Amino acid sequence: MRKFFLYLVPALFFVASLLLMTSGGWLKEPIGKSDDVLFHVENIEQYIQEERWEEAASEHEKALQAWDQISKRVQFSAERDIINEIKGSLSRIKGGIEAQNANTILSEIYYFYGLWEDLT
């Protein structure tokens, strides 16, 4: 019995670690409406194109709150650099909203989309 546990515990630990490290793709998916980062960023893009700055700022706050939830889930399965870049991208989007500079925001949103796809 002891030999069985001697092999079982490390094997289970290895499998659990492997599952955790490869789970970024489905951990980034929203569980509810409050943690759907991609939805909020797409709304920001729409509001910016329509020049509805107050709605874009409100949607940006929701995106930040959603990212805080998502980042806690993917912190062990995603590269730290990508997590930091997404946070930085969201911060630059906020700066663009404050300056009401649609070109800066749109380029940053598309950069965010690329980072989001890489978050696996």
# chains A, B, ... in the order shown; residues from 1 in each chain; ligands from 1
>>> closest_atom_pairs(of="range 85-108 of chain A", to="range 25-38 of chain A", cutoff="12 Å", atoms="only C-alpha atoms", output="Markdown table")
| residue | atom | partner | partner_atom | distance |
| --- | --- | --- | --- | --- |
| A:Ile86 | CA | A:Val37 | CA | 10.6 |
| A:Lys87 | CA | A:Val37 | CA | 11.4 |
| A:Leu90 | CA | A:Val37 | CA | 10.3 |
>>> select_by_dssp(residues="range 2-118 of chain A", states="alpha helix (DSSP H)", output="PyMOL selection string")
chain A and resi 2-21+24-27+37-49+53-74+80-99+102-118
>>> closest_atom_pairs(of="range 1-51 of chain A", to="range 92-112 of chain A", cutoff="9 Å", atoms="only C-alpha atoms", output="CSV")
residue,atom,partner,partner_atom,distance
A:Val41,CA,A:Ile109,CA,7.2
A:Glu42,CA,A:Ile109,CA,8.4
A:Ile44,CA,A:Ile109,CA,8.6
A:Glu45,CA,A:Leu106,CA,6.7
A:Ile48,CA,A:Ala102,CA,6.1
A:Gln49,CA,A:Ala102,CA,7.3
A:Glu51,CA,A:Ala102,CA,8.0
